[in-house]
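Quick look at query-v8.txt (compact mmCIF, C-alpha atoms):
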# COMPACT_ATOMS: atom_id res chain seq x y z
CA MET A 1288 33.20 34.85 102.39
CA ASN A 1289 30.99 36.88 100.08
CA HIS A 1290 27.80 34.90 99.47
CA ASP A 1291 26.05 37.59 97.40
CA HIS A 1292 26.27 35.66 94.14
CA LEU A 1293 26.42 32.12 95.59
CA CYS A 1294 23.27 30.06 95.17
CA LEU A 1295 22.98 26.48 96.50
CA PHE A 1296 20.17 24.09 95.54
CA ALA A 1297 19.56 20.49 96.56
CA LEU A 1298 17.01 18.43 94.68
CA ASP A 1299 14.41 16.79 96.92
CA ALA A 1300 15.96 13.31 97.03
CA SER A 1301 19.25 14.84 98.24
CA ARG A 1302 17.80 17.53 100.47
CA ALA A 1303 19.06 16.09 103.78
CA TYR A 1304 22.61 16.02 102.44
CA GLY A 1305 22.19 19.49 100.92
CA GLU A 1306 21.07 20.90 104.25
CA ARG A 1307 24.25 19.63 105.90
CA VAL A 1308 26.37 21.25 103.17
CA ALA A 1309 24.43 24.52 103.51
CA SER A 1310 24.88 24.44 107.28
CA ALA A 1311 28.64 24.03 106.89
CA LEU A 1312 28.62 27.04 104.52
CA GLU A 1313 26.40 28.99 106.94
CA ILE A 1314 23.82 29.70 104.24
CA GLU A 1315 20.29 28.56 103.44
CA LEU A 1316 19.38 26.28 100.57
CA ALA A 1317 17.78 28.16 97.69
CA SER A 1318 14.09 27.45 97.09
CA HIS A 1319 12.88 25.37 94.19
CA GLU A 1320 9.79 23.43 93.13
CA GLU A 1321 9.53 19.85 91.94
CA ARG A 1322 6.29 18.50 90.45
CA GLU A 1323 5.28 15.01 89.40
CA PHE A 1324 2.86 14.27 86.56
CA GLU A 1325 0.55 11.31 86.11
CA ASP A 1326 2.54 9.72 83.31
CA GLY A 1327 5.80 9.71 85.26
CA GLU A 1328 7.17 12.95 83.85
CA HIS A 1329 8.30 15.72 86.15
CA LYS A 1330 9.53 19.27 86.24
CA ALA A 1331 11.75 21.31 88.56
CA ARG A 1332 12.31 25.05 88.59
CA PRO A 1333 14.08 27.56 90.83
CA LEU A 1334 11.81 29.80 92.90
CA GLU A 1335 14.31 32.62 93.08
CA ASN A 1336 16.27 34.70 90.62
CA VAL A 1337 19.51 33.02 89.47
CA ARG A 1338 20.45 35.54 86.79
CA GLY A 1339 24.18 36.23 86.87
CA ARG A 1340 24.73 34.00 89.93
CA ASP A 1341 27.19 31.23 90.72
CA VAL A 1342 24.89 28.22 91.19
CA TYR A 1343 25.61 24.82 92.77
CA VAL A 1344 23.18 21.91 92.61
CA ILE A 1345 23.55 18.95 94.98
CA HIS A 1346 22.23 15.58 93.88
CA SER A 1347 23.76 12.20 94.67
CA LEU A 1348 23.07 9.88 91.73
CA HIS A 1349 22.50 6.54 93.42
CA GLY A 1350 19.40 4.42 93.04
CA GLU A 1351 17.00 3.98 95.94
CA PRO A 1352 13.48 2.62 96.44
CA GLY A 1353 11.09 4.60 94.28
CA MET A 1354 13.77 6.43 92.30
CA SER A 1355 16.47 4.91 90.13
CA ALA A 1356 19.85 6.42 89.31
CA ASN A 1357 18.45 7.14 85.84
CA ASP A 1358 15.53 9.10 87.33
CA LYS A 1359 17.90 11.17 89.42
CA LEU A 1360 20.25 11.82 86.52
CA VAL A 1361 17.46 13.10 84.27
CA ARG A 1362 16.07 15.34 87.03
CA LEU A 1363 19.49 16.84 87.63
CA LEU A 1364 20.17 17.40 83.93
CA PHE A 1365 16.80 19.06 83.35
CA PHE A 1366 17.22 21.30 86.39
CA ILE A 1367 20.69 22.39 85.26
CA GLY A 1368 19.29 23.16 81.80
CA THR A 1369 16.52 25.20 83.44
CA LEU A 1370 19.06 27.19 85.47
CA LYS A 1371 21.11 27.94 82.37
CA ASP A 1372 17.96 29.05 80.53
CA ALA A 1373 17.27 31.35 83.51
CA SER A 1374 20.66 33.04 82.88
CA ALA A 1375 22.71 31.59 85.74
CA ALA A 1376 26.29 32.72 85.23
CA ARG A 1377 27.77 29.35 86.17
CA VAL A 1378 26.20 26.03 87.21
CA THR A 1379 28.18 23.35 89.04
CA ALA A 1380 26.79 19.85 89.60
CA ILE A 1381 27.71 18.50 93.05
CA CYS A 1382 27.33 14.72 92.87
CA PRO A 1383 28.67 12.95 95.98
CA TYR A 1384 28.06 9.72 94.10
CA LEU A 1385 28.20 9.81 90.31
CA ALA A 1386 26.16 7.13 88.53
CA TYR A 1387 27.86 5.09 85.80
CA SER A 1388 31.36 6.22 86.75
CA ARG A 1389 32.40 2.58 87.16
CA LYS A 1390 31.60 1.78 83.52
CA ASP A 1391 34.59 3.65 82.15
CA ARG A 1392 35.97 1.16 79.61
CA ARG A 1393 35.00 -1.71 77.34
CA THR A 1394 35.48 -5.08 79.01
CA GLN A 1395 33.74 -7.01 76.21
CA PRO A 1396 33.27 -6.40 72.48
CA ARG A 1397 30.70 -3.67 71.73
CA ASP A 1398 30.45 -2.70 75.41
CA PRO A 1399 29.18 0.80 76.22
CA VAL A 1400 31.45 3.38 77.84
CA SER A 1401 28.66 4.79 79.97
CA SER A 1402 30.78 7.26 81.95
CA ARG A 1403 31.58 9.12 78.70
CA TYR A 1404 27.93 9.23 77.67
CA VAL A 1405 26.98 10.71 81.03
CA ALA A 1406 29.68 13.35 80.58
CA LEU A 1407 28.22 14.26 77.19
CA LEU A 1408 24.78 14.68 78.75
CA PHE A 1409 26.11 17.08 81.40
CA GLU A 1410 27.87 19.09 78.73
CA ALA A 1411 24.78 19.14 76.48
CA VAL A 1412 22.63 20.96 79.08
CA GLY A 1413 25.33 23.56 79.74
CA THR A 1414 26.90 22.31 82.97
CA ASP A 1415 30.02 24.34 83.72
CA ARG A 1416 31.65 21.99 86.22
CA VAL A 1417 31.09 18.62 87.93
CA VAL A 1418 32.33 17.74 91.42
CA THR A 1419 32.21 14.21 92.82
CA LEU A 1420 33.84 11.97 95.43
CA ASP A 1421 36.26 9.08 94.82
CA VAL A 1422 35.47 7.75 91.37
CA HIS A 1423 36.65 4.27 90.46
CA ASN A 1424 39.17 5.46 87.86
CA LEU A 1425 40.29 9.08 88.18
CA ALA A 1426 41.99 9.31 84.78
CA ALA A 1427 38.94 7.89 82.99
CA TYR A 1428 36.66 10.32 84.84
CA GLN A 1429 38.76 13.35 83.98
CA ASN A 1430 39.19 12.28 80.36
CA ALA A 1431 35.45 11.70 79.87
CA PHE A 1432 34.61 15.38 80.41
CA ARG A 1433 35.49 18.40 78.32
CA ILE A 1434 34.38 20.66 81.17
CA PRO A 1435 36.24 20.84 84.50
CA ALA A 1436 35.69 17.56 86.38
CA GLU A 1437 36.71 17.97 90.01
CA HIS A 1438 37.43 15.00 92.24
CA LEU A 1439 37.36 14.98 96.04
CA GLU A 1440 38.71 12.19 98.23
CA GLY A 1441 37.40 10.62 101.42
CA ARG A 1442 40.93 9.55 102.35
CA GLY A 1443 41.39 12.33 104.91
CA LEU A 1444 38.20 11.36 106.76
CA PHE A 1445 39.28 7.73 107.02
CA VAL A 1446 42.88 8.51 107.95
CA ALA A 1447 41.72 10.74 110.82
CA TRP A 1448 39.35 8.02 112.11
CA PHE A 1449 41.95 5.25 111.99
CA ALA A 1450 44.83 7.36 113.31
CA ALA A 1451 42.82 8.29 116.41
CA ARG A 1452 42.03 4.66 117.24
CA LEU A 1453 44.99 2.59 116.02
CA ARG A 1454 47.91 4.69 117.19
CA ASP A 1455 49.81 1.85 118.88
CA GLU A 1456 48.96 -1.04 116.58
CA ALA A 1457 50.98 -2.62 113.78
CA ILE A 1458 49.02 -1.77 110.64
CA VAL A 1459 48.93 -3.14 107.10
CA VAL A 1460 46.91 -1.28 104.47
CA MET A 1461 45.49 -3.73 101.95
CA SER A 1462 44.00 -3.42 98.48
CA PRO A 1463 41.42 -6.15 97.85
CA ASP A 1464 42.59 -6.40 94.24
CA ILE A 1465 45.57 -5.51 92.06
CA GLY A 1466 43.74 -2.58 90.46
CA GLY A 1467 43.50 -0.75 93.77
CA ILE A 1468 47.18 -0.94 94.71
CA LYS A 1469 47.83 2.73 93.94
CA ARG A 1470 44.84 3.78 96.08
CA ALA A 1471 46.12 1.64 98.95
CA GLU A 1472 49.65 2.99 98.61
CA VAL A 1473 48.46 6.62 98.73
CA PHE A 1474 46.36 5.78 101.79
CA ARG A 1475 49.29 4.01 103.43
CA ASP A 1476 51.49 7.06 102.92
CA SER A 1477 48.88 9.42 104.40
CA LEU A 1478 48.27 7.18 107.41
CA ALA A 1479 52.01 6.75 108.03
CA ARG A 1480 52.45 10.53 108.11
CA ALA A 1481 49.47 10.92 110.44
CA LEU A 1482 50.88 8.29 112.81
CA GLY A 1483 54.50 9.36 112.45
CA ARG A 1484 55.68 5.81 111.83
CA PRO A 1485 55.88 3.25 109.03
CA VAL A 1486 52.76 1.42 107.80
CA ALA A 1487 52.99 -1.67 105.58
CA VAL A 1488 50.98 -2.42 102.44
CA ALA A 1489 49.61 -5.63 100.90
CA PHE A 1490 47.18 -6.70 98.20
CA MET A 1491 45.06 -9.69 97.29
CA GLU A 1492 44.60 -11.34 93.93
CA LYS A 1493 41.12 -11.13 92.47
CA ARG A 1494 39.64 -12.63 89.33
CA ARG A 1495 36.14 -12.04 88.02
CA SER A 1496 34.54 -14.27 85.38
CA GLY A 1497 30.84 -14.33 84.56
CA GLY A 1498 30.10 -12.34 87.69
CA VAL A 1499 31.91 -14.87 89.91
CA VAL A 1500 34.85 -13.59 91.97
CA SER A 1501 37.75 -15.91 92.79
CA GLY A 1502 41.38 -15.74 93.93
CA GLU A 1503 42.64 -15.96 97.51
CA ALA A 1504 46.39 -15.28 97.40
CA VAL A 1505 47.58 -12.44 99.65
CA VAL A 1506 50.80 -10.64 98.70
CA GLY A 1507 52.39 -9.14 101.82
CA ASP A 1508 52.89 -10.08 105.47
CA VAL A 1509 49.66 -9.68 107.47
CA ALA A 1510 50.35 -11.96 110.45
CA GLY A 1511 49.90 -10.27 113.83
CA SER A 1512 48.81 -6.96 112.29
CA THR A 1513 45.64 -4.89 112.09
CA ILE A 1514 44.54 -4.93 108.45
CA LEU A 1515 42.81 -1.96 106.83
CA ILE A 1516 41.13 -2.93 103.54
CA ILE A 1517 40.76 0.18 101.37
CA ASP A 1518 38.40 0.37 98.40
CA ASP A 1519 36.30 2.97 96.57
CA LEU A 1520 32.92 1.22 96.74
CA ILE A 1521 31.11 -1.61 98.49
CA SER A 1522 28.29 -3.29 96.59
CA SER A 1523 27.67 -6.90 97.61
CA GLY A 1524 30.54 -6.91 100.11
CA THR A 1525 31.80 -10.22 98.76
CA THR A 1526 35.25 -8.84 97.98
CA LEU A 1527 35.62 -7.47 101.52
CA ALA A 1528 34.52 -10.70 103.16
CA ARG A 1529 36.91 -12.76 101.04
CA ALA A 1530 39.85 -10.48 101.78
CA ALA A 1531 39.06 -10.39 105.50
CA ALA A 1532 38.79 -14.18 105.70
CA ALA A 1533 42.09 -14.63 103.83
CA CYS A 1534 43.88 -12.22 106.17
CA LYS A 1535 42.53 -13.87 109.32
CA ALA A 1536 43.56 -17.27 107.97
CA LEU A 1537 47.11 -15.91 107.65
CA GLY A 1538 47.16 -14.71 111.26
CA ALA A 1539 45.94 -11.12 111.06
CA LYS A 1540 45.02 -9.71 114.47
CA ARG A 1541 41.90 -7.85 113.28
CA VAL A 1542 40.46 -6.62 109.99
CA LEU A 1543 38.73 -3.30 109.32
CA ALA A 1544 37.71 -1.74 106.02
CA ALA A 1545 36.92 1.64 104.47
CA ALA A 1546 35.25 2.62 101.20
CA SER A 1547 33.89 5.99 100.16
CA HIS A 1548 30.62 4.68 98.74
CA GLY A 1549 28.37 2.14 100.44
CA LEU A 1550 25.90 0.90 97.82
CA PHE A 1551 25.16 -2.16 99.97
CA ALA A 1552 23.26 -4.44 97.61
CA GLU A 1553 20.86 -6.93 99.15
CA ALA A 1554 23.52 -9.56 99.86
CA ALA A 1555 25.80 -7.07 101.62
CA ALA A 1556 24.35 -7.61 105.09
CA GLU A 1557 25.58 -11.21 105.07
CA ALA A 1558 29.09 -10.14 104.10
CA LEU A 1559 29.20 -7.33 106.66
CA VAL A 1560 28.53 -9.71 109.56
CA HIS A 1561 31.32 -12.06 108.49
CA PRO A 1562 33.24 -12.94 111.67
CA ALA A 1563 36.57 -12.00 110.12
CA LEU A 1564 35.46 -8.41 109.47
CA GLU A 1565 35.29 -6.17 112.54
CA LYS A 1566 34.24 -2.76 111.22
CA VAL A 1567 33.47 -1.00 107.91
CA LEU A 1568 33.69 2.75 107.35
CA VAL A 1569 31.83 4.53 104.55
CA THR A 1570 30.90 8.13 103.87
CA ASP A 1571 27.34 9.46 103.59
CA SER A 1572 27.66 9.97 99.80
CA ILE A 1573 24.98 7.26 99.69
CA PRO A 1574 22.62 6.95 102.67
CA PRO A 1575 22.76 3.41 104.14
CA LEU A 1576 19.14 2.80 103.11
CA ARG A 1577 19.54 -0.93 102.51
CA LEU A 1578 21.29 -1.77 105.78
CA LEU A 1579 19.62 -3.16 108.86
CA PRO A 1580 19.62 -0.51 111.61
CA ALA A 1581 21.40 -2.97 113.91
CA LEU A 1582 24.48 -2.84 111.67
CA LEU A 1583 24.86 0.94 111.89
CA GLY A 1584 27.24 1.98 114.61
CA SER A 1585 28.18 -1.62 115.39
CA ARG A 1586 29.57 -3.07 112.15
CA VAL A 1587 29.21 0.00 109.90
CA GLU A 1588 30.26 3.57 110.68
CA VAL A 1589 29.08 6.39 108.38
CA LEU A 1590 31.36 9.46 108.19
CA ASP A 1591 30.09 12.93 107.29
CA SER A 1592 31.44 14.17 103.95
CA ALA A 1593 29.23 17.30 103.76
CA PRO A 1594 31.93 19.64 105.21
CA LEU A 1595 34.33 18.44 102.52
CA PHE A 1596 31.90 19.43 99.76
CA ALA A 1597 31.11 22.69 101.54
CA GLU A 1598 34.80 23.60 101.54
CA ALA A 1599 35.04 22.68 97.85
CA ILE A 1600 32.12 24.98 97.05
CA ARG A 1601 33.65 27.76 99.13
CA ARG A 1602 36.91 27.50 97.21
CA LEU A 1603 35.31 27.22 93.79
CA HIS A 1604 33.05 30.22 94.45
CA SER A 1605 36.11 32.33 95.26
CA ASP A 1606 37.97 30.93 92.22
CA GLY A 1607 40.33 29.07 94.50
CA SER A 1608 42.05 25.73 94.04
CA LEU A 1609 40.89 22.35 95.30
CA ALA A 1610 44.42 20.97 95.27
CA GLU A 1611 44.93 21.54 99.00
CA LEU A 1612 41.83 19.46 99.80
CA LEU A 1613 43.60 16.46 98.25
CA GLN A 1614 46.55 16.81 100.60
CA ASP A 1615 46.78 15.74 104.23

Show me, as structure tokens, the structure contained in the file I just sent.
Amino acid sequence: MNHDHLCLFALDASRAYGERVASALEIELASHEEREFEDGEHKARPLENVRGRDVYVIHSLHGEPGMSANDKLVRLLFFIGTLKDASAARVTAICPYLAYSRKDRRTQPRDPVSSRYVALLFEAVGTDRVVTLDVHNLAAYQNAFRIPAEHLEGRGLFVAWFAARLRDEAIVVMSPDIGGIKRAEVFRDSLARALGRPVAVAFMEKRRSGGVVSGEAVVGDVAGSTILIIDDLISSGTTLARAAAACKALGAKRVLAAASHGLFAEAAAEALVHPALEKVLVTDSIPPLRLLPALLGSRVEVLDSAPLFAEAIRRLHSDGSLAELLQD
């Protein structure tokens, strides 16, 4: 691969992830400077020439102690604007987790559609392309942007993990709510092909009112099977715990879960140690900063998504297609 015009940055809060992507590409991260000012303002600038180059900036837009998702978004936007002012030929934002992508429609009168506003901000500073992992609603994500909005999937990582460990078990792939049925069905199909045998699918009813989740009916036969609950994101973990408990009550043999993004809000630890839930897989799109160390490796397994983004960058830099990355 010709790296002459490829330039890869990672803002400081995402440097560890950026280094893994750079390693997979067999290149070094480009140098930049970030400075903080007394009143909370900041600046970031590249320390090398980007004129005429194909530039990629890695920054995962999740909140963490000391830096909110809003802080990270503004830093990324300003840095992209700086790169465009410095005559970069093309700037691609690599956001393993994209803030506000869940708020993609109005659920109440006069609600904001925050995902569209974020898209407008990226476009306003001259971003040429955005790449992210497993958004909540793919159609809404793609429709929000007028620039290319690329979407990677963690499905292949999870399928490989489960296929290697559950080869001889009866498996049911479950969506924890009706809205995720299509995601579960696509996962079921991929896992069935990896195993070379049929895999069943089920879903659970879910109702949310005033922030309270209810509904316990399971549609599908789960008795005697290993259940794989598939979702895009884990926040409090309440949905997972409810689904796992319902499946065990109906005679499921064991329950495991997978979600691309582990936000793990404060109450998540309690849900993750629920006796009905054996193991949870997530990717490293969000570092498991809020989890107790004892949970990592025992109840929670974190899979490396950096090679997936490295391959996406490699293909985009050579004007290739990402379509094959979405196939098993």

Of the candidates A:Asp1606, A:Glu1588, A:Glu1306, A:Asp1341, which shows the shortest atom-to-atom distance to Trp1448 of chain A, using all atoms listed in the file?
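Smallest distance to Trp1448 of chain A is found for A:Glu1588.
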
Kindly extract all protein, DNA and RNA residues lying within 12 Å of the coordinates (25.2, 23.6, 108.7) given in the file, considering all atoms listed in the file, and supply them as a list in words.
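Those within range, by chain then number, are Ala1303, Tyr1304, Gly1305, Glu1306, Arg1307, Val1308, Ala1309, Ser1310, Ala1311, Leu1312, Glu1313, Ile1314, Glu1315, Leu1316, Asp1591, Ala1593, Pro1594, Phe1596, Ala1597 and Glu1598 of chain A.
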
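From atom CA of Arg1586 of chain A back to atom CA of Leu1564 of chain A, the distance works out to 8.4 Å.
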
May I ask which of the residues A:Val1587, A:Leu1515, A:Ala1376, A:Val1569 is the closest one to Arg1340 of chain A, counting all atoms listed in the file?
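Selected residue with least distance to Arg1340 of chain A: A:Ala1376.
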
So which residues fall inside 12 Å of (19.3, 33.0, 80.7) if we count all atoms listed in the file? Mind giving them as a list in words?
Asn1336, Val1337, Arg1338, Gly1339, Arg1340, Ile1367, Gly1368, Thr1369, Leu1370, Lys1371, Asp1372, Ala1373, Ser1374, Ala1375, Ala1376, Arg1377, Val1378 and Gly1413 of chain A

For Asn1430 of chain A: contacts at 9 Å, all atoms listed in the file, fewer than 5 positions along chain excluded, given as a list in words:
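These residues fall inside the cut-off: Arg1403, Leu1425 and Ala1436 of chain A.
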
Writer output for current selection, C-alpha atoms, as a PDB file, keeping the file's coordinate frame:
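Now in again_11.pdb:
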ATOM      1  CA  ARG A1403      31.580   9.120  78.700  1.00  0.00           C
ATOM      2  CA  LEU A1425      40.290   9.080  88.180  1.00  0.00           C
ATOM      3  CA  ALA A1436      35.690  17.560  86.380  1.00  0.00           C
TER       4      ALA A1436
END

Atom-to-atom span, atom CA of Arg1452 of chain A and atom CA of Gly1467 of chain A, Å:
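One can read the atom CA of Arg1452 of chain A to atom CA of Gly1467 of chain A distance as 24.1 Å.
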
For Glu1611 of chain A, list every protein, DNA or RNA residue within 12 Å, evaluated using all atoms listed in the file, and leave out those in the same chain fewer than 3 positions away; present the list as an NGL selection string.
:A and (1439-1440 or 1443 or 1595 or 1598-1599 or 1602 or 1607-1608 or 1614-1615)

Of the listed residues A:Glu1565, A:Asp1421, A:Glu1335, A:Asp1415, that which approaches Pro1435 of chain A most closely, counting all atoms listed in the file:
A:Asp1415

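Note that atom CA of Ser1355 of chain A and atom CA of Arg1416 of chain A are 23.2 Å apart.
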
Counting all atoms listed in the file, which residue out of A:Ala1544, A:Met1354, A:Val1361, A:Val1344 sits closest to Leu1520 of chain A?
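Closest to Leu1520 of chain A, using all atoms listed in the file: A:Ala1544.
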
Closest atom pairs, segment 1500-1545 of chain A residues within 9 Å of segment 1468-1482 of chain A, all atoms listed in the file, as a Markdown table:
| residue | atom | partner | partner_atom | distance |
| --- | --- | --- | --- | --- |
| A:Ile1516 | CA | A:Ala1471 | CA | 8.2 |
| A:Ile1517 | CA | A:Ala1471 | CA | 6.1 |
| A:Asp1518 | CA | A:Arg1470 | CA | 7.6 |
| A:Asp1519 | CA | A:Arg1470 | CA | 8.6 |

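Between Ala1610 of chain A and the residues A:His1438, A:Leu1298, A:Val1417, A:Leu1334, the shortest atom-to-atom distance, using all atoms listed in the file, involves A:His1438.
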
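Candidate residues A:His1604, A:Arg1392, A:Lys1540, A:Arg1332 were compared for distance to Cys1294 of chain A, and the nearest is A:His1604, using all atoms listed in the file.
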